[in-house]
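So this one's protein_20.cif, mmCIF, C-alpha atoms:
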```
data_data
#
loop_
_atom_site.label_atom_id
_atom_site.label_comp_id
_atom_site.auth_asym_id
_atom_site.auth_seq_id
_atom_site.Cartn_x
_atom_site.Cartn_y
_atom_site.Cartn_z
CA MET P 7 14.05 0.32 -1.58
CA LYS P 8 14.21 4.06 -1.30
CA GLU P 9 11.75 4.74 1.53
CA LEU P 10 10.87 3.11 4.84
CA ALA P 11 7.26 3.60 3.71
CA LEU P 12 7.90 1.14 0.84
CA TYR P 13 9.34 -1.50 3.20
CA ILE P 14 6.28 -0.98 5.41
CA LEU P 15 3.94 -1.38 2.41
CA ASP P 16 5.73 -4.56 1.39
CA LEU P 17 5.68 -6.13 4.88
CA SER P 18 2.04 -5.15 5.34
CA GLN P 19 1.19 -7.02 2.14
CA ASN P 20 2.42 -10.16 3.95
CA SER P 21 -0.12 -9.41 6.71
CA ILE P 22 -2.90 -9.07 4.13
CA ARG P 23 -1.94 -12.40 2.57
CA ALA P 24 -1.92 -13.91 6.06
CA GLY P 25 -5.59 -13.00 6.29
CA ALA P 26 -5.15 -10.28 8.93
CA LYS P 27 -8.21 -8.27 9.97
CA ASN P 28 -6.18 -5.74 11.91
CA ILE P 29 -2.76 -4.29 11.41
CA TYR P 30 -0.89 -1.94 13.69
CA ILE P 31 1.92 0.07 12.15
CA GLU P 32 4.12 2.25 14.29
CA ILE P 33 6.99 4.58 13.52
CA ASN P 34 8.70 6.05 16.52
CA ILE P 35 11.57 8.49 16.44
CA ASP P 36 13.54 9.33 19.54
CA THR P 37 16.16 11.91 18.62
CA SER P 38 17.72 11.91 22.10
CA LYS P 39 18.46 8.19 21.70
CA ASP P 40 19.33 8.64 18.00
CA MET P 41 16.87 5.89 17.20
CA LEU P 42 14.06 5.15 14.79
CA LYS P 43 11.79 2.18 15.35
CA VAL P 44 9.35 0.59 12.93
CA SER P 45 6.94 -2.07 14.09
CA ILE P 46 4.22 -3.93 12.21
CA GLU P 47 1.85 -6.22 14.06
CA ASP P 48 -1.02 -8.23 12.62
CA ASP P 49 -3.64 -10.76 13.67
CA GLY P 50 -3.16 -12.93 10.59
CA CYS P 51 -2.54 -16.67 10.47
CA GLY P 52 1.00 -16.46 11.86
CA MET P 53 3.78 -18.92 11.09
CA SER P 54 4.93 -22.29 12.32
CA LYS P 55 8.15 -22.38 14.34
CA GLU P 56 9.89 -24.03 11.39
CA LEU P 57 8.90 -21.30 8.94
CA LEU P 58 9.70 -18.57 11.48
CA LYS P 59 13.28 -19.87 11.71
CA LYS P 60 13.74 -19.74 7.94
CA VAL P 61 11.77 -16.63 7.08
CA THR P 62 14.74 -14.26 6.85
CA ASP P 63 16.31 -16.55 4.25
CA PRO P 64 15.76 -15.01 0.78
CA PHE P 65 15.34 -18.46 -0.73
CA ILE P 66 12.25 -19.12 1.34
CA THR P 67 8.83 -18.00 0.19
CA THR P 68 5.27 -19.29 0.38
CA ARG P 69 4.69 -18.15 -3.20
CA LYS P 70 4.39 -20.57 -6.07
CA GLU P 71 5.17 -18.02 -8.80
CA ARG P 72 8.82 -17.60 -7.91
CA LYS P 73 11.43 -19.16 -5.66
CA VAL P 74 12.74 -16.11 -3.79
CA GLY P 75 11.14 -13.96 -1.11
CA LEU P 76 12.93 -10.71 -0.42
CA GLY P 77 10.49 -8.69 1.71
CA ILE P 78 11.66 -9.68 5.19
CA PRO P 79 15.36 -10.21 4.25
CA LEU P 80 15.57 -6.70 2.75
CA PHE P 81 14.10 -5.11 5.87
CA LYS P 82 16.42 -7.10 8.14
CA GLU P 83 19.41 -6.13 6.06
CA LEU P 84 18.52 -2.43 6.26
CA ALA P 85 18.20 -2.60 10.05
CA GLN P 86 21.60 -4.29 10.37
CA LEU P 87 23.19 -1.87 7.92
CA CYS P 88 21.91 1.03 10.05
CA GLU P 89 23.43 -0.35 13.27
CA GLY P 90 19.99 -1.39 14.41
CA ASN P 91 18.23 -4.58 15.17
CA PHE P 92 15.60 -6.85 13.62
CA GLU P 93 13.14 -9.01 15.49
CA ILE P 94 10.24 -11.17 14.41
CA PHE P 95 7.67 -12.88 16.59
CA SER P 96 4.93 -15.12 15.32
CA VAL P 97 2.40 -17.51 16.79
CA GLU P 98 0.48 -19.80 14.49
CA GLY P 99 -3.17 -18.81 14.48
CA LYS P 100 -2.52 -15.58 16.37
CA GLY P 101 -0.42 -13.25 14.27
CA THR P 102 3.00 -11.85 13.55
CA LYS P 103 5.00 -8.89 14.81
CA ILE P 104 8.05 -7.43 13.10
CA ILE P 105 10.26 -4.82 14.73
CA GLY P 106 13.14 -2.99 13.10
CA THR P 107 15.29 -0.44 14.87
CA PHE P 108 17.64 1.92 13.08
CA LYS P 109 20.30 4.37 14.14
CA LEU P 110 18.74 7.69 13.13
CA SER P 111 22.05 9.25 12.13
CA SER P 112 23.15 6.26 10.03
CA ILE P 113 24.07 7.34 6.51
CA ASP P 114 22.52 4.14 5.20
CA LEU P 115 19.08 4.94 6.62
CA VAL P 116 16.54 5.80 3.91
CA PRO P 117 13.93 8.53 4.57
CA ILE P 118 10.52 7.60 5.97
CA GLY P 119 9.07 8.72 2.65
CA ASP P 120 5.45 8.87 1.62
CA MET P 121 3.47 7.14 4.37
CA ALA P 122 0.25 8.72 3.07
CA SER P 123 0.57 6.82 -0.24
CA THR P 124 1.51 3.64 1.60
CA ILE P 125 -1.63 3.80 3.76
CA VAL P 126 -3.87 4.59 0.77
CA SER P 127 -2.30 1.68 -1.16
CA LEU P 128 -3.01 -0.63 1.77
CA ILE P 129 -6.64 0.48 1.95
CA LEU P 130 -7.00 -0.15 -1.80
CA SER P 131 -5.37 -3.56 -1.41
CA ALA P 132 -7.64 -4.63 1.44
CA PRO P 133 -10.58 -2.31 2.16
CA ASP P 134 -11.84 -4.59 4.96
CA LEU P 135 -8.53 -4.53 6.81
CA ASP P 136 -8.48 -2.18 9.78
CA ILE P 137 -5.32 -0.15 9.98
CA VAL P 138 -3.99 1.72 12.98
CA TYR P 139 -0.98 3.87 12.22
CA LYS P 140 0.88 5.68 14.95
CA TYR P 141 3.65 8.10 14.15
CA SER P 142 5.56 9.72 16.94
CA LYS P 143 8.62 11.89 16.99
CA ASP P 144 9.81 13.01 20.42
CA ASN P 145 6.78 14.95 21.74
CA TYR P 146 4.77 14.92 18.52
CA GLU P 147 2.20 12.20 17.94
CA PHE P 148 -0.22 11.39 15.14
CA LEU P 149 -2.70 8.55 15.34
CA PHE P 150 -4.63 7.29 12.34
CA ASP P 151 -7.32 4.64 12.68
CA THR P 152 -9.46 3.37 9.80
CA LYS P 153 -12.09 2.14 12.32
CA GLU P 154 -12.69 5.74 13.40
CA LEU P 155 -13.04 6.86 9.78
CA LYS P 156 -15.41 4.00 8.96
CA LYS P 157 -17.61 5.14 11.88
CA ILE P 158 -17.93 8.56 10.27
CA LEU P 159 -18.33 7.22 6.73
CA LYS P 160 -21.07 4.72 7.66
CA GLU P 161 -22.49 3.34 4.38
CA VAL P 162 -19.86 5.07 2.22
CA ASN P 163 -16.92 2.80 1.41
CA ILE P 164 -13.46 3.71 2.67
CA ASN P 165 -12.04 2.81 -0.76
CA ASP P 166 -14.22 5.39 -2.51
CA ILE P 167 -11.91 7.49 -4.68
CA LYS P 168 -12.86 10.84 -3.10
CA VAL P 169 -12.48 9.44 0.41
CA LEU P 170 -9.03 8.07 -0.44
CA SER P 171 -7.93 11.45 -1.81
CA TRP P 172 -8.97 13.01 1.50
CA ILE P 173 -7.12 10.34 3.52
CA LYS P 174 -3.96 10.88 1.48
CA GLU P 175 -3.95 14.64 2.15
CA TYR P 176 -4.95 14.13 5.79
CA VAL P 177 -2.03 11.78 6.52
CA LYS P 178 0.37 13.89 4.48
CA GLU P 179 -0.49 17.04 6.44
CA ASN P 180 -0.07 15.28 9.75
CA MET P 181 3.34 13.93 8.75
CA LYS P 182 4.48 17.32 7.49
CA GLY P 183 7.89 18.60 8.36
CA ASP P 184 8.77 15.17 9.62
CA THR P 185 9.18 13.31 6.35
CA GLU P 186 12.88 13.92 6.07
CA VAL P 187 14.64 12.08 8.83
CA MET L 29 -5.74 21.55 7.34
CA LYS L 30 -7.84 18.52 6.38
CA SER L 31 -10.47 18.06 9.04
CA ILE L 32 -12.85 15.30 10.08
CA GLU L 33 -15.72 17.70 9.29
CA GLU L 34 -14.54 17.71 5.71
CA LEU L 35 -14.73 13.92 5.64
CA GLU L 36 -18.37 14.21 6.75
CA ARG L 37 -19.02 16.52 3.78
CA ILE L 38 -17.34 14.06 1.37
CA ARG L 39 -19.55 11.31 2.81
CA LYS L 40 -22.71 13.29 2.04
CA GLU L 41 -21.58 14.16 -1.49
CA THR L 42 -20.62 10.55 -2.18
CA LEU L 43 -23.97 9.29 -0.92
CA GLU L 44 -25.80 11.64 -3.26
CA LYS L 45 -23.71 10.42 -6.16
CA ILE L 46 -24.29 6.76 -5.28
CA ASN L 47 -28.02 7.41 -5.26
CA LEU L 48 -27.85 9.07 -8.66
CA ARG L 49 -25.74 6.31 -10.14
CA LYS L 50 -27.93 3.92 -12.10
CA ASP L 51 -25.43 1.39 -13.33
CA ARG L 52 -21.86 0.77 -12.20
CA SER L 53 -19.17 0.54 -14.87
CA GLY L 54 -17.87 -2.69 -13.35
CA ILE L 55 -14.37 -1.74 -14.49
CA ARG L 56 -11.57 -2.94 -12.24
CA ILE L 57 -7.92 -1.90 -12.29
CA ALA L 58 -5.44 -4.13 -10.43
CA VAL L 59 -1.84 -3.13 -9.70
CA GLY L 60 0.83 -5.74 -8.88
CA MET L 61 1.81 -5.10 -5.26
CA ALA L 62 4.25 -7.84 -4.29
CA THR L 63 7.86 -7.01 -3.31
CA CYS L 64 8.87 -6.97 -7.00
CA GLY L 65 6.04 -4.60 -7.94
CA ILE L 66 6.64 -2.27 -5.01
CA ALA L 67 10.40 -2.12 -5.66
CA ALA L 68 9.76 -1.35 -9.34
CA GLY L 69 7.43 1.56 -8.57
CA ALA L 70 3.91 0.12 -8.19
CA ARG L 71 2.89 2.54 -5.45
CA PRO L 72 3.32 5.76 -7.49
CA VAL L 73 1.55 4.00 -10.38
CA MET L 74 -1.39 3.18 -8.12
CA MET L 75 -1.44 6.77 -6.82
CA ALA L 76 -1.35 8.16 -10.37
CA ILE L 77 -4.34 5.98 -11.35
CA LEU L 78 -6.24 7.14 -8.29
CA ASP L 79 -5.39 10.78 -8.93
CA GLU L 80 -6.37 10.61 -12.59
CA LEU L 81 -9.73 8.99 -11.76
CA SER L 82 -10.35 11.53 -8.99
CA LYS L 83 -9.47 14.50 -11.24
CA ARG L 84 -11.90 13.25 -13.88
CA ASN L 85 -14.58 12.57 -11.26
CA VAL L 86 -14.71 8.90 -12.19
CA THR L 87 -15.94 7.18 -9.04
CA ASP L 88 -17.37 3.92 -10.35
CA VAL L 89 -14.07 2.20 -11.13
CA ILE L 90 -12.50 -0.12 -8.57
CA VAL L 91 -8.76 0.14 -8.00
CA THR L 92 -7.20 -2.83 -6.27
CA GLU L 93 -4.02 -4.92 -6.00
CA THR L 94 -2.84 -8.20 -7.37
CA GLY L 95 0.06 -10.41 -6.35
CA CYS L 96 3.17 -11.49 -8.23
CA ILE L 97 2.53 -13.37 -11.48
CA GLY L 98 6.13 -14.56 -11.77
CA MET L 99 7.19 -11.91 -14.28
CA CYS L 100 8.99 -9.66 -11.84
CA LYS L 101 11.22 -8.01 -14.47
CA LEU L 102 8.13 -6.65 -16.22
CA GLU L 103 6.77 -4.87 -13.13
CA PRO L 104 4.99 -2.55 -12.47
CA ILE L 105 2.14 -4.56 -14.00
CA VAL L 106 -1.40 -3.22 -14.29
CA ASP L 107 -4.44 -5.32 -15.25
CA VAL L 108 -7.57 -3.66 -16.63
CA TYR L 109 -10.82 -5.66 -16.45
CA VAL L 110 -13.73 -4.34 -18.48
CA PRO L 111 -16.93 -6.43 -18.22
CA GLY L 112 -17.53 -8.50 -21.35
CA GLN L 113 -13.96 -8.01 -22.59
CA GLU L 114 -10.75 -9.93 -22.14
CA LYS L 115 -8.38 -8.74 -19.41
CA VAL L 116 -5.64 -6.40 -20.66
CA THR L 117 -2.24 -6.64 -18.92
CA TYR L 118 0.07 -3.63 -19.13
CA VAL L 119 3.73 -4.07 -18.24
CA LYS L 120 6.57 -1.72 -17.22
CA VAL L 121 4.02 0.92 -16.35
CA ASP L 122 5.12 4.27 -14.96
CA GLU L 123 3.09 7.23 -13.67
CA LYS L 124 2.78 8.80 -17.11
CA LYS L 125 1.65 5.57 -18.78
CA ALA L 126 -0.76 4.93 -15.90
CA ARG L 127 -2.50 8.27 -16.48
CA GLN L 128 -2.79 7.54 -20.20
CA ILE L 129 -4.20 4.06 -19.53
CA VAL L 130 -6.93 5.68 -17.41
CA ALA L 131 -7.74 8.26 -20.10
CA GLU L 132 -7.50 6.06 -23.21
CA HIS L 133 -8.58 2.64 -22.01
CA VAL L 134 -10.68 3.07 -18.87
CA ILE L 135 -12.51 6.21 -19.96
CA ASN L 136 -12.45 6.15 -23.77
CA GLY L 137 -12.47 2.37 -24.11
CA HIS L 138 -9.39 2.00 -26.33
CA PRO L 139 -6.69 -0.32 -24.94
CA ILE L 140 -3.12 0.85 -25.65
CA ARG L 141 -1.86 -2.32 -27.34
CA GLU L 142 1.82 -1.38 -27.62
CA TRP L 143 2.22 -1.41 -23.82
CA THR L 144 0.63 -4.79 -23.17
CA ILE L 145 2.38 -7.99 -22.12
CA GLU L 146 2.01 -9.61 -25.57
CA ASN L 147 4.73 -7.28 -26.86
CA TYR L 148 7.26 -8.33 -24.23
CA GLU L 149 6.92 -12.09 -23.85
#
```
Once you've parsed the file, please lay out its structure as structure tokens.
Amino acid sequence: MKELALYILDLSQNSIRAGAKNIYIEINIDTSKDMLKVSIEDDGCGMSKELLKKVTDPFITTRKERKVGLGIPLFKELAQLCEGNFEIFSVEGKGTKIIGTFKLSSIDLVPIGDMASTIVSLILSAPDLDIVYKYSKDNYEFLFDTKELKKILKEVNINDIKVLSWIKEYVKENMKGDTEV
Amino acid sequence: MKSIEELERIRKETLEKINLRKDRSGIRIAVGMATCGIAAGARPVMMAILDELSKRNVTDVIVTETGCIGMCKLEPIVDVYVPGQEKVTYVKVDEKKARQIVAEHVINGHPIREWTIENYE
């Protein structure tokens, strides 16, 4: 995939299907360490130890519609290609955490891309899911929390079309100048 | 800069509209958002649908996601549900097609038959 934001969207869809109520997405860039870190943590149903062992195998999926599952394997492959690391932790009944680290200067690293569209897509996919997104680059930090927005919106739905258009611009502006890694 | 105060304003405007709205259209648009859909370009399709609805001030249509239906090579796939009518499944949708589906099918009520799954199976 062409953007980290697309990998994040894909992995977050796993969290939604795991019945998560909360998801925490973090992108952290440390230029002095030449490192970019992506982590996605949810409070979904988690995985058994057996499934956890096999989950990076592309021929393992919980889907019935097809026999391959590429989401996690693709992300792992990108991390390894970029001289980084991939880790996955999961506890059945508690949730799952995925961490990918990437060498920032790696020529194989794709740009962060459009995180604003990824977040809006996630809200559309699961309006009841609460999303916390933290983006930090050296001294810059941006924190986005759907719980805070829902407090302001009260009886207006977060997946209202006008609200989503605002969210998209809001995230985009706060990511500005930092989209190209 | 987009501010939180602006969100408060949008909330008030939306509330007024909800109060004015007598009947909801009940129309639902679902975009395939599994790995296959995302890799094929489902996210820009979803954004184009949202943008087109927003531009036309259509606020009573629900945009949502669907999983993989096992026809990954036909992604991005978009389903349009109109109450009282059979579901229409569009395949190999791009941003341009998505905008036309909103205008022709969702708003004007004419499905674009040449882009539906029946022509590809």
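In this structure, CA of Val74 in chain P sits 20.9 Å away from CA of Cys51 in chain P.
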- Task: Specify as a ChimeraX atom specification all residues of chain P found within 10 Å of chain L, counting only C-alpha atoms.
- Result: /P:7-8,12-13,15-17,19-20,23,69-73,75-78,80,120,123-124,126-133,155,158-180
Please produce a file of those selected residues containing C-alpha atoms, as a short mmCIF file (atom, residue, chain, number, x, y, z; two decimals), in the coordinates of the input.
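Full text of again14.cif as output:
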```cif
data_model
loop_
_atom_site.label_atom_id
_atom_site.label_comp_id
_atom_site.auth_asym_id
_atom_site.auth_seq_id
_atom_site.Cartn_x
_atom_site.Cartn_y
_atom_site.Cartn_z
CA MET P 7 14.05 0.32 -1.58
CA LYS P 8 14.21 4.06 -1.30
CA LEU P 12 7.90 1.14 0.84
CA TYR P 13 9.34 -1.50 3.20
CA LEU P 15 3.94 -1.38 2.41
CA ASP P 16 5.73 -4.56 1.39
CA LEU P 17 5.68 -6.13 4.88
CA GLN P 19 1.19 -7.02 2.14
CA ASN P 20 2.42 -10.16 3.95
CA ARG P 23 -1.94 -12.40 2.57
CA ARG P 69 4.69 -18.15 -3.20
CA LYS P 70 4.39 -20.57 -6.07
CA GLU P 71 5.17 -18.02 -8.80
CA ARG P 72 8.82 -17.60 -7.91
CA LYS P 73 11.43 -19.16 -5.66
CA GLY P 75 11.14 -13.96 -1.11
CA LEU P 76 12.93 -10.71 -0.42
CA GLY P 77 10.49 -8.69 1.71
CA ILE P 78 11.66 -9.68 5.19
CA LEU P 80 15.57 -6.70 2.75
CA ASP P 120 5.45 8.87 1.62
CA SER P 123 0.57 6.82 -0.24
CA THR P 124 1.51 3.64 1.60
CA VAL P 126 -3.87 4.59 0.77
CA SER P 127 -2.30 1.68 -1.16
CA LEU P 128 -3.01 -0.63 1.77
CA ILE P 129 -6.64 0.48 1.95
CA LEU P 130 -7.00 -0.15 -1.80
CA SER P 131 -5.37 -3.56 -1.41
CA ALA P 132 -7.64 -4.63 1.44
CA PRO P 133 -10.58 -2.31 2.16
CA LEU P 155 -13.04 6.86 9.78
CA ILE P 158 -17.93 8.56 10.27
CA LEU P 159 -18.33 7.22 6.73
CA LYS P 160 -21.07 4.72 7.66
CA GLU P 161 -22.49 3.34 4.38
CA VAL P 162 -19.86 5.07 2.22
CA ASN P 163 -16.92 2.80 1.41
CA ILE P 164 -13.46 3.71 2.67
CA ASN P 165 -12.04 2.81 -0.76
CA ASP P 166 -14.22 5.39 -2.51
CA ILE P 167 -11.91 7.49 -4.68
CA LYS P 168 -12.86 10.84 -3.10
CA VAL P 169 -12.48 9.44 0.41
CA LEU P 170 -9.03 8.07 -0.44
CA SER P 171 -7.93 11.45 -1.81
CA TRP P 172 -8.97 13.01 1.50
CA ILE P 173 -7.12 10.34 3.52
CA LYS P 174 -3.96 10.88 1.48
CA GLU P 175 -3.95 14.64 2.15
CA TYR P 176 -4.95 14.13 5.79
CA VAL P 177 -2.03 11.78 6.52
CA LYS P 178 0.37 13.89 4.48
CA GLU P 179 -0.49 17.04 6.44
CA ASN P 180 -0.07 15.28 9.75
#
```
Which residues fall under the PyMOL selection byres ((chain P and resi 145-153) around 9) in this file, as a short mmCIF file (atom, residue, chain, number, x, y, z; two decimals) with C-alpha atoms, in the coordinates of the input?
```
data_model
loop_
_atom_site.label_atom_id
_atom_site.label_comp_id
_atom_site.auth_asym_id
_atom_site.auth_seq_id
_atom_site.Cartn_x
_atom_site.Cartn_y
_atom_site.Cartn_z
CA ILE P 129 -6.64 0.48 1.95
CA LEU P 135 -8.53 -4.53 6.81
CA ASP P 136 -8.48 -2.18 9.78
CA ILE P 137 -5.32 -0.15 9.98
CA VAL P 138 -3.99 1.72 12.98
CA TYR P 139 -0.98 3.87 12.22
CA LYS P 140 0.88 5.68 14.95
CA TYR P 141 3.65 8.10 14.15
CA SER P 142 5.56 9.72 16.94
CA LYS P 143 8.62 11.89 16.99
CA ASP P 144 9.81 13.01 20.42
CA GLU P 154 -12.69 5.74 13.40
CA LEU P 155 -13.04 6.86 9.78
CA LYS P 156 -15.41 4.00 8.96
CA LYS P 157 -17.61 5.14 11.88
CA ILE P 158 -17.93 8.56 10.27
CA ILE P 164 -13.46 3.71 2.67
CA VAL P 177 -2.03 11.78 6.52
CA ASN P 180 -0.07 15.28 9.75
CA MET P 181 3.34 13.93 8.75
#
```
The PyMOL selection byres ((chain L and resi 115) around 12) on the file shown: which residues, as an mmCIF file with C-alpha atoms, in the frame of the given file?
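Everything below was put into selection_10.cif:
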```cif
data_model
loop_
_atom_site.group_PDB
_atom_site.id
_atom_site.type_symbol
_atom_site.label_atom_id
_atom_site.label_comp_id
_atom_site.auth_asym_id
_atom_site.auth_seq_id
_atom_site.Cartn_x
_atom_site.Cartn_y
_atom_site.Cartn_z
ATOM 1 C CA ILE L 55 -14.370 -1.740 -14.490
ATOM 2 C CA ARG L 56 -11.570 -2.940 -12.240
ATOM 3 C CA ILE L 57 -7.920 -1.900 -12.290
ATOM 4 C CA ALA L 58 -5.440 -4.130 -10.430
ATOM 5 C CA VAL L 106 -1.400 -3.220 -14.290
ATOM 6 C CA ASP L 107 -4.440 -5.320 -15.250
ATOM 7 C CA VAL L 108 -7.570 -3.660 -16.630
ATOM 8 C CA TYR L 109 -10.820 -5.660 -16.450
ATOM 9 C CA VAL L 110 -13.730 -4.340 -18.480
ATOM 10 C CA PRO L 111 -16.930 -6.430 -18.220
ATOM 11 C CA GLY L 112 -17.530 -8.500 -21.350
ATOM 12 C CA GLN L 113 -13.960 -8.010 -22.590
ATOM 13 C CA GLU L 114 -10.750 -9.930 -22.140
ATOM 14 C CA VAL L 116 -5.640 -6.400 -20.660
ATOM 15 C CA THR L 117 -2.240 -6.640 -18.920
ATOM 16 C CA TYR L 118 0.070 -3.630 -19.130
ATOM 17 C CA HIS L 133 -8.580 2.640 -22.010
ATOM 18 C CA PRO L 139 -6.690 -0.320 -24.940
ATOM 19 C CA THR L 144 0.630 -4.790 -23.170
ATOM 20 C CA ILE L 145 2.380 -7.990 -22.120
#
```
- Message: Quick check, in Å to one decimal: how far apart do CA of Gln86 in chain P and CA of Leu115 in chain P lie?
- Response: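 Computing it gives 10.3 Å between the two atoms.
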- Query: How many Å separate CA of Ala24 in chain P from CA of Thr68 in chain P?
  - Reply: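 That distance, rounded to one decimal, is 10.6 Å.
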- Item | Near-range 97-110 of chain P list (8 Å; only C-alpha atoms; drop same-chain fewer than 3 positions) as an MDAnalysis selection string | chainID P and resid 21 26 35 37 40:55 81:82 85:86 88:94 115 187
Evaluate the PyMOL selection byres ((chain P and resi 64) around 8) here and jot the selected residues down as an mmCIF file with C-alpha atoms, keeping the file's coordinate frame.
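Once written, result-v8.cif looks like this:
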```cif
data_model
loop_
_atom_site.group_PDB
_atom_site.id
_atom_site.type_symbol
_atom_site.label_atom_id
_atom_site.label_comp_id
_atom_site.auth_asym_id
_atom_site.auth_seq_id
_atom_site.Cartn_x
_atom_site.Cartn_y
_atom_site.Cartn_z
ATOM 1 C CA VAL P 61 11.770 -16.630 7.080
ATOM 2 C CA THR P 62 14.740 -14.260 6.850
ATOM 3 C CA ASP P 63 16.310 -16.550 4.250
ATOM 4 C CA PHE P 65 15.340 -18.460 -0.730
ATOM 5 C CA ILE P 66 12.250 -19.120 1.340
ATOM 6 C CA THR P 67 8.830 -18.000 0.190
ATOM 7 C CA VAL P 74 12.740 -16.110 -3.790
ATOM 8 C CA GLY P 75 11.140 -13.960 -1.110
ATOM 9 C CA LEU P 76 12.930 -10.710 -0.420
ATOM 10 C CA PRO P 79 15.360 -10.210 4.250
#
```
- Message: Using all atoms listed in the file for the distances, tell me which of P:Ser96, P:Ser38, P:Ser111, P:Ser18 is nearest to Leu57 in chain P.
- Response: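 Ranked by minimum distance to Leu57 in chain P, first place goes to P:Ser96.
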Mind rebuilding range 62-74 of chain L with N, CA and C atoms and writing that out as a PDB file, in the frame of the given file?
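The resulting result00.pdb:
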```pdb
ATOM      1  N   ALA L  62       3.333  -6.997  -5.054  1.00  0.00           N
ATOM      2  CA  ALA L  62       4.250  -7.840  -4.290  1.00  0.00           C
ATOM      3  C   ALA L  62       5.574  -7.080  -4.155  1.00  0.00           C
ATOM      4  N   THR L  63       6.567  -7.681  -3.509  1.00  0.00           N
ATOM      5  CA  THR L  63       7.860  -7.010  -3.310  1.00  0.00           C
ATOM      6  C   THR L  63       8.425  -6.497  -4.641  1.00  0.00           C
ATOM      7  N   CYS L  64       8.322  -7.344  -5.686  1.00  0.00           N
ATOM      8  CA  CYS L  64       8.870  -6.970  -7.000  1.00  0.00           C
ATOM      9  C   CYS L  64       8.155  -5.741  -7.562  1.00  0.00           C
ATOM     10  N   GLY L  65       6.826  -5.731  -7.446  1.00  0.00           N
ATOM     11  CA  GLY L  65       6.040  -4.600  -7.940  1.00  0.00           C
ATOM     12  C   GLY L  65       6.361  -3.329  -7.172  1.00  0.00           C
ATOM     13  N   ILE L  66       6.388  -3.437  -5.858  1.00  0.00           N
ATOM     14  CA  ILE L  66       6.640  -2.270  -5.010  1.00  0.00           C
ATOM     15  C   ILE L  66       8.034  -1.689  -5.300  1.00  0.00           C
ATOM     16  N   ALA L  67       9.037  -2.577  -5.403  1.00  0.00           N
ATOM     17  CA  ALA L  67      10.400  -2.120  -5.660  1.00  0.00           C
ATOM     18  C   ALA L  67      10.527  -1.461  -7.031  1.00  0.00           C
ATOM     19  N   ALA L  68       9.687  -1.891  -7.981  1.00  0.00           N
ATOM     20  CA  ALA L  68       9.760  -1.350  -9.340  1.00  0.00           C
ATOM     21  C   ALA L  68       8.943  -0.064  -9.515  1.00  0.00           C
ATOM     22  N   GLY L  69       8.170   0.303  -8.491  1.00  0.00           N
ATOM     23  CA  GLY L  69       7.430   1.560  -8.570  1.00  0.00           C
ATOM     24  C   GLY L  69       5.911   1.427  -8.662  1.00  0.00           C
ATOM     25  N   ALA L  70       5.357   0.341  -8.111  1.00  0.00           N
ATOM     26  CA  ALA L  70       3.910   0.120  -8.190  1.00  0.00           C
ATOM     27  C   ALA L  70       3.106   1.156  -7.397  1.00  0.00           C
ATOM     28  N   ARG L  71       3.668   1.613  -6.276  1.00  0.00           N
ATOM     29  CA  ARG L  71       2.890   2.540  -5.450  1.00  0.00           C
ATOM     30  C   ARG L  71       2.616   3.864  -6.156  1.00  0.00           C
ATOM     31  N   PRO L  72       3.630   4.537  -6.728  1.00  0.00           N
ATOM     32  CA  PRO L  72       3.320   5.760  -7.490  1.00  0.00           C
ATOM     33  C   PRO L  72       2.393   5.520  -8.677  1.00  0.00           C
ATOM     34  N   VAL L  73       2.466   4.331  -9.276  1.00  0.00           N
ATOM     35  CA  VAL L  73       1.550   4.000 -10.380  1.00  0.00           C
ATOM     36  C   VAL L  73       0.117   3.945  -9.864  1.00  0.00           C
ATOM     37  N   MET L  74      -0.066   3.278  -8.722  1.00  0.00           N
ATOM     38  CA  MET L  74      -1.390   3.180  -8.120  1.00  0.00           C
ATOM     39  C   MET L  74      -1.910   4.583  -7.753  1.00  0.00           C
TER      40      MET L  74
END
```
